[in-house]
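Dropping coords_24.cif in here (mmCIF, C-alpha atoms):
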data_model
#
loop_
_atom_site.label_atom_id
_atom_site.label_comp_id
_atom_site.auth_asym_id
_atom_site.auth_seq_id
_atom_site.Cartn_x
_atom_site.Cartn_y
_atom_site.Cartn_z
CA MET A 1199 31.48 83.32 72.13
CA LEU A 1200 30.01 81.23 74.95
CA ASN A 1201 30.59 77.49 74.77
CA GLU A 1202 28.39 74.97 76.61
CA THR A 1203 31.31 72.73 77.64
CA ASN A 1204 33.19 75.74 79.01
CA ILE A 1205 30.18 76.71 81.09
CA ARG A 1206 29.53 73.18 82.39
CA CYS A 1207 33.20 72.82 83.36
CA PHE A 1208 33.05 76.10 85.27
CA LEU A 1209 29.80 75.24 87.10
CA SER A 1210 31.17 71.82 88.05
CA LEU A 1211 34.38 73.43 89.29
CA CYS A 1212 32.30 75.82 91.39
CA GLU A 1213 30.77 72.79 93.14
CA THR A 1214 33.90 70.68 93.53
CA LEU A 1215 36.62 73.34 93.82
CA SER A 1216 38.80 70.60 92.34
CA PHE A 1217 40.12 70.24 88.80
CA THR A 1218 40.60 66.50 89.41
CA GLU A 1219 37.01 65.87 90.51
CA THR A 1220 35.62 68.10 87.77
CA ALA A 1221 37.61 66.15 85.18
CA ARG A 1222 36.19 62.87 86.53
CA ARG A 1223 32.62 64.15 86.43
CA MET A 1224 32.97 65.64 82.98
CA TYR A 1225 34.88 62.66 81.47
CA LEU A 1226 37.71 64.99 80.51
CA THR A 1227 41.38 65.26 81.40
CA GLN A 1228 42.49 67.85 83.97
CA GLN A 1229 44.30 69.69 81.20
CA ALA A 1230 41.08 69.88 79.17
CA VAL A 1231 39.16 71.26 82.18
CA SER A 1232 41.84 73.91 82.76
CA LYS A 1233 41.73 74.84 79.07
CA ASN A 1234 37.95 75.24 79.18
CA ILE A 1235 38.14 77.49 82.23
CA MET A 1236 40.86 79.63 80.69
CA GLN A 1237 38.83 79.95 77.47
CA LEU A 1238 35.82 81.16 79.47
CA GLU A 1239 38.00 83.65 81.35
CA SER A 1240 39.38 84.87 78.02
CA ASP A 1241 35.86 85.33 76.64
CA PHE A 1242 34.75 87.26 79.74
CA GLY A 1243 37.92 89.29 80.08
CA PHE A 1244 38.49 88.65 83.79
CA PRO A 1245 39.59 85.75 86.08
CA LEU A 1246 36.94 83.43 87.49
CA VAL A 1247 39.04 81.38 89.94
CA ASN A 1248 42.01 81.96 92.18
CA ARG A 1249 44.67 79.28 91.70
CA SER A 1250 46.95 79.01 94.71
CA GLY A 1251 48.82 75.73 94.85
CA ARG A 1252 46.24 72.99 95.23
CA SER A 1253 43.62 75.37 96.63
CA ILE A 1254 40.88 76.67 94.31
CA THR A 1255 38.55 79.55 95.22
CA LEU A 1256 36.20 81.71 93.19
CA THR A 1257 36.93 85.35 92.53
CA VAL A 1258 34.22 87.89 93.29
CA GLU A 1259 33.44 87.99 89.57
CA GLY A 1260 33.49 84.17 89.47
CA SER A 1261 30.83 83.97 92.20
CA ARG A 1262 28.61 86.42 90.33
CA CYS A 1263 29.09 84.51 87.08
CA GLN A 1264 28.25 81.24 88.83
CA ALA A 1265 24.76 82.48 89.71
CA LEU A 1266 24.24 83.96 86.23
CA LEU A 1267 25.46 80.88 84.33
CA ARG A 1268 23.55 78.46 86.56
CA SER A 1269 20.34 80.33 85.77
CA LEU A 1270 21.28 80.46 82.09
CA MET A 1271 21.96 76.71 81.89
CA GLN A 1272 18.74 75.88 83.76
CA THR A 1273 16.74 77.93 81.27
CA TYR A 1274 18.68 76.38 78.39
CA GLY A 1275 18.20 72.84 79.74
CA GLU A 1276 14.47 73.26 80.29
CA GLY A 1277 14.05 74.74 76.83
CA MET A 1278 16.06 71.98 75.15
CA SER A 1279 14.15 69.29 77.07
CA ARG A 1280 10.87 70.66 75.75
CA ILE A 1281 12.23 70.85 72.21
CA ARG A 1282 13.75 67.36 72.36
CA GLY A 1283 10.59 66.00 73.95
CA ASP A 1284 8.55 67.39 71.06
CA PHE A 1285 11.08 65.97 68.59
CA ASP A 1286 11.06 62.51 70.16
CA SER A 1287 7.27 62.54 70.37
CA ALA A 1288 7.29 63.03 66.62
CA HIS A 1289 10.13 60.64 65.80
CA HIS A 1290 9.79 58.08 68.62
CA SER A 1291 13.35 56.81 68.78
CA LEU A 1292 15.22 55.22 71.67
CA ASN A 1293 19.02 54.86 71.48
CA ILE A 1294 20.35 52.04 73.66
CA GLY A 1295 23.97 51.06 74.24
CA TYR A 1296 25.07 47.63 75.47
CA GLN A 1297 28.47 46.63 76.81
CA ILE A 1298 30.54 44.95 74.13
CA PHE A 1299 31.40 41.21 74.36
CA LEU A 1300 28.65 40.40 76.92
CA ASP A 1301 25.88 37.85 76.34
CA PHE A 1302 22.81 39.29 78.08
CA GLY A 1303 20.75 36.18 77.38
CA ALA A 1304 17.22 35.56 76.14
CA SER A 1305 15.68 37.98 78.66
CA LEU A 1306 17.08 40.94 76.74
CA VAL A 1307 15.61 39.62 73.49
CA ARG A 1308 12.20 39.13 75.16
CA ALA A 1309 12.30 42.62 76.71
CA ASN A 1310 13.09 44.25 73.38
CA ALA A 1311 10.36 42.28 71.63
CA GLU A 1312 7.82 43.28 74.29
CA MET A 1313 8.95 46.91 74.08
CA ARG A 1314 8.37 46.92 70.34
CA ALA A 1315 4.97 45.25 70.79
CA ARG A 1316 3.81 47.69 73.46
CA PHE A 1317 5.20 50.77 71.73
CA PRO A 1318 5.07 50.00 67.99
CA ASP A 1319 5.62 53.65 67.11
CA TYR A 1320 9.05 53.61 68.78
CA THR A 1321 12.23 52.68 66.97
CA LEU A 1322 14.83 50.93 69.14
CA ARG A 1323 18.33 51.72 67.92
CA THR A 1324 20.90 49.45 69.60
CA VAL A 1325 24.70 49.62 69.55
CA ARG A 1326 27.59 48.01 71.43
CA TYR A 1327 30.58 49.87 72.85
CA ALA A 1328 33.36 49.34 75.39
CA PRO A 1329 32.30 49.96 79.02
CA GLY A 1330 34.50 53.03 79.32
CA THR A 1331 32.78 54.66 76.34
CA LEU A 1332 29.13 54.04 77.24
CA PRO A 1333 28.83 56.44 80.24
CA LYS A 1334 30.41 59.25 78.22
CA MET A 1335 27.92 58.70 75.37
CA LEU A 1336 25.05 58.72 77.86
CA TYR A 1337 26.35 61.91 79.44
CA ASP A 1338 26.68 63.77 76.15
CA GLY A 1339 23.27 62.63 74.88
CA SER A 1340 24.44 60.23 72.15
CA LEU A 1341 22.63 57.41 73.97
CA ASP A 1342 19.41 57.44 76.01
CA LEU A 1343 20.10 54.33 78.12
CA ILE A 1344 23.04 51.96 78.63
CA VAL A 1345 23.36 48.39 79.94
CA LEU A 1346 26.69 47.35 81.46
CA GLN A 1347 28.51 46.11 84.55
CA GLU A 1348 27.96 48.36 87.54
CA ARG A 1349 31.68 48.61 88.25
CA PHE A 1350 32.05 50.71 85.10
CA VAL A 1351 29.36 53.26 86.08
CA PRO A 1352 30.95 56.41 87.56
CA GLU A 1353 29.38 58.18 90.52
CA ASN A 1354 27.36 60.90 88.84
CA PRO A 1355 24.37 62.72 90.40
CA ASP A 1356 22.76 62.96 86.94
CA PHE A 1357 22.61 59.16 86.51
CA GLN A 1358 19.85 56.82 87.62
CA LYS A 1359 20.12 53.03 87.49
CA LYS A 1360 18.29 49.75 87.99
CA ILE A 1361 19.89 46.41 88.84
CA LEU A 1362 19.02 43.67 86.34
CA PHE A 1363 21.01 40.66 87.64
CA SER A 1364 24.40 39.73 89.11
CA VAL A 1365 27.36 37.89 87.60
CA TYR A 1366 30.64 36.52 88.93
CA LEU A 1367 33.84 38.15 87.77
CA SER A 1368 36.46 35.84 86.28
CA ILE A 1369 40.07 36.09 85.26
CA MET A 1370 40.94 34.80 81.81
CA VAL A 1371 44.35 33.41 80.96
CA SER A 1372 45.92 31.76 77.94
CA ALA A 1373 45.04 28.08 77.62
CA SER A 1374 48.74 27.41 77.04
CA HIS A 1375 49.81 28.88 80.40
CA PRO A 1376 51.82 26.24 82.33
CA SER A 1377 49.68 26.68 85.48
CA VAL A 1378 46.41 25.93 83.70
CA SER A 1379 44.79 22.74 85.03
CA GLU A 1380 41.44 21.42 86.24
CA ASP A 1381 42.52 21.93 89.85
CA ALA A 1382 43.78 25.49 89.40
CA THR A 1383 41.95 28.53 90.81
CA TYR A 1384 42.12 32.19 89.89
CA LEU A 1385 44.50 32.79 92.81
CA ASP A 1386 47.12 30.66 91.06
CA PHE A 1387 47.41 33.55 88.59
CA ARG A 1388 47.15 36.45 91.02
CA THR A 1389 50.69 37.72 90.34
CA GLU A 1390 50.48 37.49 86.55
CA PRO A 1391 50.64 40.77 84.57
CA TYR A 1392 47.24 42.47 84.61
CA ILE A 1393 46.00 43.58 81.18
CA MET A 1394 43.74 46.62 80.81
CA ASP A 1395 42.28 48.61 77.96
CA ILE A 1396 42.44 52.42 78.14
CA TYR A 1397 39.18 54.36 78.25
CA PRO A 1398 38.65 57.54 76.20
CA GLY A 1399 40.04 60.57 78.00
CA GLU A 1400 41.85 58.54 80.70
CA THR A 1401 45.25 59.68 81.87
CA GLU A 1402 48.00 57.25 82.83
CA LYS A 1403 47.26 58.02 86.48
CA ASP A 1404 43.55 57.26 85.99
CA VAL A 1405 44.37 53.90 84.38
CA ALA A 1406 46.77 52.99 87.19
CA LEU A 1407 44.22 53.81 89.90
CA ARG A 1408 41.50 51.85 88.13
CA GLY A 1409 43.79 48.84 87.80
CA GLN A 1410 44.68 48.97 91.48
CA ARG A 1411 40.99 49.13 92.46
CA GLU A 1412 40.06 46.18 90.25
CA CYS A 1413 42.95 44.03 91.50
CA ALA A 1414 42.26 44.86 95.15
CA MET A 1415 38.60 43.94 94.63
CA CYS A 1416 39.56 40.44 93.43
CA GLY A 1417 42.63 39.87 95.62
CA LEU A 1418 45.10 40.06 92.73
CA GLU A 1419 48.71 41.19 93.16
CA PRO A 1420 50.07 41.58 89.62
CA ARG A 1421 53.78 42.10 89.17
CA GLU A 1422 53.06 44.36 86.21
CA TYR A 1423 50.22 46.33 84.59
CA ILE A 1424 49.89 46.20 80.80
CA THR A 1425 47.70 48.72 78.93
CA THR A 1426 46.20 48.20 75.49
CA PRO A 1427 44.30 50.65 73.25
CA ASN A 1428 41.02 48.69 73.29
CA ARG A 1429 39.26 45.64 74.72
CA GLU A 1430 39.95 43.47 71.69
CA SER A 1431 43.68 44.04 72.10
CA ALA A 1432 43.47 43.20 75.82
CA TYR A 1433 41.93 39.80 75.10
CA THR A 1434 44.38 39.12 72.27
CA THR A 1435 47.30 39.92 74.60
CA ALA A 1436 45.91 37.44 77.14
CA GLU A 1437 45.47 34.77 74.46
CA LEU A 1438 49.15 35.19 73.54
CA SER A 1439 50.25 34.53 77.15
CA GLY A 1440 50.80 38.20 77.94
CA GLY A 1441 49.00 38.03 81.29
CA ILE A 1442 45.46 37.91 82.65
CA VAL A 1443 42.36 39.94 81.83
CA LEU A 1444 39.31 40.44 84.06
CA GLY A 1445 35.94 39.53 82.60
CA SER A 1446 32.65 37.98 83.70
CA ASP A 1447 30.62 34.79 83.44
CA ILE A 1448 28.60 36.25 80.56
CA SER A 1449 31.60 37.30 78.50
CA ASN A 1450 31.46 35.95 74.95
CA ILE A 1451 35.25 36.02 74.90
CA SER A 1452 35.34 33.45 77.72
CA LYS A 1453 34.07 30.88 75.20
CA SER A 1454 37.33 31.17 73.26
CA LEU A 1455 39.29 27.92 73.17
CA ARG A 1456 42.47 29.97 73.49
CA LEU A 1457 41.48 31.28 76.93
CA MET A 1458 40.77 29.53 80.22
CA ARG A 1459 38.35 31.15 82.66
CA TYR A 1460 38.66 30.97 86.44
CA ARG A 1461 35.84 32.42 88.49
CA THR A 1462 36.67 34.74 91.39
CA GLN A 1463 34.55 35.07 94.53
CA VAL A 1464 33.45 38.58 93.53
CA GLN A 1465 30.06 39.38 92.03
CA ASN A 1466 29.09 42.48 90.08
CA ASN A 1467 25.64 43.75 89.08
CA ILE A 1468 24.51 44.22 85.51
CA VAL A 1469 22.58 47.50 85.48
CA CYS A 1470 20.72 49.77 83.10
CA VAL A 1471 21.52 53.47 83.48
CA TRP A 1472 19.82 56.61 82.20
CA LYS A 1473 19.75 60.30 82.97
CA LYS A 1474 17.42 61.64 85.64
CA ASN A 1475 14.63 63.90 84.42
CA CYS A 1476 14.96 62.41 80.93
CA ALA A 1477 12.54 64.02 78.48
CA ILE A 1478 11.77 60.68 76.78
CA PRO A 1479 9.13 58.75 78.78
CA ALA A 1480 9.99 55.48 77.00
CA VAL A 1481 13.46 55.42 78.61
CA GLU A 1482 12.19 54.72 82.12
CA ARG A 1483 9.52 52.36 80.77
CA TYR A 1484 12.21 50.37 79.00
CA ALA A 1485 14.32 50.25 82.19
CA GLU A 1486 11.34 48.96 84.19
CA LEU A 1487 10.57 46.39 81.50
CA LEU A 1488 14.15 45.15 81.48
CA ALA A 1489 14.23 44.80 85.28
CA ARG A 1490 10.91 42.94 85.35
CA THR A 1491 11.88 40.59 82.51
CA TYR A 1492 15.14 39.57 84.20
CA GLN A 1493 13.36 39.20 87.55
CA ASP A 1494 10.70 36.95 86.02
CA SER A 1495 13.43 34.89 84.34
CA ALA A 1496 15.29 34.44 87.63
CA GLN A 1497 12.12 33.35 89.44
CA SER A 1498 11.28 30.79 86.75
CA THR A 1499 14.75 29.24 86.83
CA PRO A 1500 14.77 26.08 89.00
#
Take the structure in the file and give it back as structure tokens.
Amino acid sequence: MLNETNIRCFLSLCETLSFTETARRMYLTQQAVSKNIMQLESDFGFPLVNRSGRSITLTVEGSRCQALLRSLMQTYGEGMSRIRGDFDSAHHSLNIGYQIFLDFGASLVRANAEMRARFPDYTLRTVRYAPGTLPKMLYDGSLDLIVLQERFVPENPDFQKKILFSVYLSIMVSASHPSVSEDATYLDFRTEPYIMDIYPGETEKDVALRGQRECAMCGLEPREYITTPNRESAYTTAELSGGIVLGSDISNISKSLRLMRYRTQVQNNIVCVWKKNCAIPAVERYAELLARTYQDSAQSTP
């Protein structure tokens, strides 16, 4: 029996000819992508790809199936968009996800109030999740729009985004650390263990590469990388002198008396992200309203 995830994995693999890149795009592990392809081959009864070392090519049957399944998914997508559009027209709901632990300020409150005033028939459902979870929920349709730091948004041709404002990144370290002082800078802690939370579906290699990118971006040279199961555990580990954690100026956690915050010289954008060709008109209207509200707030600030 055909499975949508199997088909999407195969069509992505046809474009990338790489299990690694397909896994990144699909927010799956390489093993999961391989399993999906093998399941599709089992359902069809013939091989779809030639696996020779690191080289991936399509079989003759795979090429023919690519054209057939692409047409099938286009028809399916258009049909589902019409159905969902009709459903949302009747139910008028907008599901929005915000990055956990961030204080987005009064502009977000004003934007939501104006959205409700302009579109009283719409219900805004808001939730908070870790930054590694939000893009996956947007991709699978659990959320219609997400607001988070741009550094957590993967390159995905299906995503569209607007910049809301910029924030400085900061390292946070236990207030009891012996190097903490008024004259200290973030570089005084650049070799401390770097604490990270693991995102859903990430492999150990993915986590290591992400940690290296983040540290290089801020000029950190940690002597060790420490992984925790979630963001709360990462902050707790830092509070207990386990190392440093990277956050931002608008992090609610930075207000903790058990942590000291030292601003880096690196800025990151706060963005709202949604899917292109979204069937819900209110999604793009909400994104435009958010961007305008933050822009007006910035212009009115002396």
Per residue of segment 1242-1353 of chain A within 6 Å of segment 1446-1464 of chain A, what are the shortest atom pair and its distance in Å to one decimal, counting only C-alpha atoms, with rows by chain and residue number, as JSON lines?
{"residue": "A:Phe1299", "atom": "CA", "partner": "A:Asn1450", "partner_atom": "CA", "distance": 5.3}
{"residue": "A:Leu1300", "atom": "CA", "partner": "A:Ser1449", "partner_atom": "CA", "distance": 4.6}
{"residue": "A:Asp1301", "atom": "CA", "partner": "A:Ile1448", "partner_atom": "CA", "distance": 5.3}
With C-alpha atoms retained, could you export that selection as an mmCIF file, in the coordinates of the input?
data_model
loop_
_atom_site.group_PDB
_atom_site.id
_atom_site.type_symbol
_atom_site.label_atom_id
_atom_site.label_comp_id
_atom_site.auth_asym_id
_atom_site.auth_seq_id
_atom_site.Cartn_x
_atom_site.Cartn_y
_atom_site.Cartn_z
ATOM 1 C CA PHE A 1299 31.400 41.210 74.360
ATOM 2 C CA LEU A 1300 28.650 40.400 76.920
ATOM 3 C CA ASP A 1301 25.880 37.850 76.340
#
- Task: Find the spatial neighbours of segment 1433-1442 of chain A, counting all atoms listed in the file, within a cut-off of 12 Å - ignore same-chain residues fewer than 3 positions away - and output them as a ChimeraX atom specification.
- Result: /A:1299,1368-1378,1384-1395,1413,1418-1430,1445,1449-1460
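For Glu1259 of chain A, the residues within 9 Å (counting all atoms listed in the file, excluding itself and residues fewer than 2 positions away along the chain) are Phe1244, Pro1245, Leu1246, Val1247, Leu1256, Thr1257, Ser1261, Arg1262, Cys1263 and Gln1264 of chain A.
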Store the residues picked out above in a file with C-alpha atoms, as a PDB file, in the coordinates of the input.
ATOM      1  CA  PHE A1244      38.490  88.650  83.790  1.00  0.00           C
ATOM      2  CA  PRO A1245      39.590  85.750  86.080  1.00  0.00           C
ATOM      3  CA  LEU A1246      36.940  83.430  87.490  1.00  0.00           C
ATOM      4  CA  VAL A1247      39.040  81.380  89.940  1.00  0.00           C
ATOM      5  CA  LEU A1256      36.200  81.710  93.190  1.00  0.00           C
ATOM      6  CA  THR A1257      36.930  85.350  92.530  1.00  0.00           C
ATOM      7  CA  SER A1261      30.830  83.970  92.200  1.00  0.00           C
ATOM      8  CA  ARG A1262      28.610  86.420  90.330  1.00  0.00           C
ATOM      9  CA  CYS A1263      29.090  84.510  87.080  1.00  0.00           C
ATOM     10  CA  GLN A1264      28.250  81.240  88.830  1.00  0.00           C
TER      11      GLN A1264
END
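Neighbourhood of point (29.9, 44.2, 74.0): residues with an atom at most 7 Å away, counting all atoms listed in the file, are Tyr1296, Gln1297, Ile1298, Phe1299, Leu1300, Arg1326, Tyr1327 and Ala1328 of chain A.
The space separating atom CA of Glu1276 of chain A from atom CA of Ile1478 of chain A comes to 13.3 Å.
With all atoms listed in the file taken into account, every residue lying no more than 10 Å from the file point (33.1, 71.8, 79.2) is included here: Asn1201, Glu1202, Thr1203, Asn1204, Ile1205, Arg1206, Cys1207, Phe1208, Leu1209, Ser1210, Thr1220, Ala1221, Met1224, Tyr1225, Leu1226, Ala1230, Val1231, Ser1232, Lys1233, Asn1234, Ile1235 and Leu1238 of chain A.
If you look at atom CA of Arg1490 of chain A and atom CA of Gln1358 of chain A, they are 16.7 Å away from each other.
Across the model, the gap from atom CA of Lys1360 of chain A to atom CA of Gly1339 of chain A is 19.0 Å.
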- Query: With distances taken over all atoms listed in the file, which of A:Leu1407, A:Cys1416, A:Gly1295, A:Leu1211 is nearest to Gly1260 of chain A?
  - Reply: A:Leu1211
Missing atoms in segment 1393-1420 of chain A: can you complete it with N, CA and C atoms, as a PDB file, in the frame of the given file?
ATOM      1  N   ILE A1393      46.184  42.895  82.461  1.00  0.00           N
ATOM      2  CA  ILE A1393      46.000  43.580  81.180  1.00  0.00           C
ATOM      3  C   ILE A1393      44.739  44.422  81.214  1.00  0.00           C
ATOM      4  N   MET A1394      44.864  45.679  80.786  1.00  0.00           N
ATOM      5  CA  MET A1394      43.740  46.620  80.810  1.00  0.00           C
ATOM      6  C   MET A1394      43.666  47.372  79.495  1.00  0.00           C
ATOM      7  N   ASP A1395      42.443  47.713  79.102  1.00  0.00           N
ATOM      8  CA  ASP A1395      42.280  48.610  77.960  1.00  0.00           C
ATOM      9  C   ASP A1395      42.079  50.031  78.490  1.00  0.00           C
ATOM     10  N   ILE A1396      42.529  51.013  77.729  1.00  0.00           N
ATOM     11  CA  ILE A1396      42.440  52.420  78.140  1.00  0.00           C
ATOM     12  C   ILE A1396      41.110  52.998  77.686  1.00  0.00           C
ATOM     13  N   TYR A1397      40.441  53.719  78.588  1.00  0.00           N
ATOM     14  CA  TYR A1397      39.180  54.360  78.250  1.00  0.00           C
ATOM     15  C   TYR A1397      39.424  55.721  77.612  1.00  0.00           C
ATOM     16  N   PRO A1398      38.492  56.202  76.813  1.00  0.00           N
ATOM     17  CA  PRO A1398      38.650  57.540  76.200  1.00  0.00           C
ATOM     18  C   PRO A1398      38.822  58.625  77.256  1.00  0.00           C
ATOM     19  N   GLY A1399      39.833  59.447  77.080  1.00  0.00           N
ATOM     20  CA  GLY A1399      40.040  60.570  78.000  1.00  0.00           C
ATOM     21  C   GLY A1399      40.785  60.216  79.269  1.00  0.00           C
ATOM     22  N   GLU A1400      41.142  58.943  79.484  1.00  0.00           N
ATOM     23  CA  GLU A1400      41.850  58.540  80.700  1.00  0.00           C
ATOM     24  C   GLU A1400      43.320  58.935  80.633  1.00  0.00           C
ATOM     25  N   THR A1401      43.828  59.413  81.756  1.00  0.00           N
ATOM     26  CA  THR A1401      45.250  59.680  81.870  1.00  0.00           C
ATOM     27  C   THR A1401      45.941  58.407  82.373  1.00  0.00           C
ATOM     28  N   GLU A1402      47.249  58.401  82.321  1.00  0.00           N
ATOM     29  CA  GLU A1402      48.000  57.250  82.830  1.00  0.00           C
ATOM     30  C   GLU A1402      47.711  57.030  84.314  1.00  0.00           C
ATOM     31  N   LYS A1403      47.570  58.128  85.041  1.00  0.00           N
ATOM     32  CA  LYS A1403      47.260  58.020  86.480  1.00  0.00           C
ATOM     33  C   LYS A1403      45.886  57.412  86.689  1.00  0.00           C
ATOM     34  N   ASP A1404      44.905  57.819  85.881  1.00  0.00           N
ATOM     35  CA  ASP A1404      43.550  57.260  85.990  1.00  0.00           C
ATOM     36  C   ASP A1404      43.561  55.757  85.743  1.00  0.00           C
ATOM     37  N   VAL A1405      44.291  55.328  84.716  1.00  0.00           N
ATOM     38  CA  VAL A1405      44.370  53.900  84.380  1.00  0.00           C
ATOM     39  C   VAL A1405      45.003  53.121  85.525  1.00  0.00           C
ATOM     40  N   ALA A1406      46.078  53.667  86.089  1.00  0.00           N
ATOM     41  CA  ALA A1406      46.770  52.990  87.190  1.00  0.00           C
ATOM     42  C   ALA A1406      45.861  52.834  88.406  1.00  0.00           C
ATOM     43  N   LEU A1407      45.130  53.873  88.748  1.00  0.00           N
ATOM     44  CA  LEU A1407      44.220  53.810  89.900  1.00  0.00           C
ATOM     45  C   LEU A1407      43.098  52.819  89.663  1.00  0.00           C
ATOM     46  N   ARG A1408      42.566  52.798  88.452  1.00  0.00           N
ATOM     47  CA  ARG A1408      41.500  51.850  88.130  1.00  0.00           C
ATOM     48  C   ARG A1408      42.022  50.414  88.223  1.00  0.00           C
ATOM     49  N   GLY A1409      43.216  50.169  87.715  1.00  0.00           N
ATOM     50  CA  GLY A1409      43.790  48.840  87.800  1.00  0.00           C
ATOM     51  C   GLY A1409      43.999  48.388  89.230  1.00  0.00           C
ATOM     52  N   GLN A1410      44.462  49.300  90.066  1.00  0.00           N
ATOM     53  CA  GLN A1410      44.680  48.970  91.480  1.00  0.00           C
ATOM     54  C   GLN A1410      43.360  48.641  92.173  1.00  0.00           C
ATOM     55  N   ARG A1411      42.297  49.401  91.853  1.00  0.00           N
ATOM     56  CA  ARG A1411      40.990  49.130  92.460  1.00  0.00           C
ATOM     57  C   ARG A1411      40.464  47.760  92.040  1.00  0.00           C
ATOM     58  N   GLU A1412      40.575  47.448  90.745  1.00  0.00           N
ATOM     59  CA  GLU A1412      40.060  46.180  90.250  1.00  0.00           C
ATOM     60  C   GLU A1412      40.820  44.996  90.854  1.00  0.00           C
ATOM     61  N   CYS A1413      42.140  45.122  90.945  1.00  0.00           N
ATOM     62  CA  CYS A1413      42.950  44.030  91.500  1.00  0.00           C
ATOM     63  C   CYS A1413      42.682  43.845  92.985  1.00  0.00           C
ATOM     64  N   ALA A1414      42.542  44.952  93.712  1.00  0.00           N
ATOM     65  CA  ALA A1414      42.260  44.860  95.150  1.00  0.00           C
ATOM     66  C   ALA A1414      40.901  44.197  95.379  1.00  0.00           C
ATOM     67  N   MET A1415      39.951  44.505  94.512  1.00  0.00           N
ATOM     68  CA  MET A1415      38.600  43.940  94.630  1.00  0.00           C
ATOM     69  C   MET A1415      38.630  42.416  94.527  1.00  0.00           C
ATOM     70  N   CYS A1416      39.517  41.881  93.675  1.00  0.00           N
ATOM     71  CA  CYS A1416      39.560  40.440  93.430  1.00  0.00           C
ATOM     72  C   CYS A1416      40.721  39.737  94.134  1.00  0.00           C
ATOM     73  N   GLY A1417      41.509  40.478  94.914  1.00  0.00           N
ATOM     74  CA  GLY A1417      42.630  39.870  95.620  1.00  0.00           C
ATOM     75  C   GLY A1417      43.800  39.531  94.726  1.00  0.00           C
ATOM     76  N   LEU A1418      43.987  40.287  93.648  1.00  0.00           N
ATOM     77  CA  LEU A1418      45.100  40.060  92.730  1.00  0.00           C
ATOM     78  C   LEU A1418      46.282  40.941  93.108  1.00  0.00           C
ATOM     79  N   GLU A1419      47.487  40.445  92.852  1.00  0.00           N
ATOM     80  CA  GLU A1419      48.710  41.190  93.160  1.00  0.00           C
ATOM     81  C   GLU A1419      49.651  41.127  91.963  1.00  0.00           C
ATOM     82  N   PRO A1420      49.275  41.725  90.845  1.00  0.00           N
ATOM     83  CA  PRO A1420      50.070  41.580  89.620  1.00  0.00           C
ATOM     84  C   PRO A1420      51.451  42.204  89.758  1.00  0.00           C
TER      85      PRO A1420
END
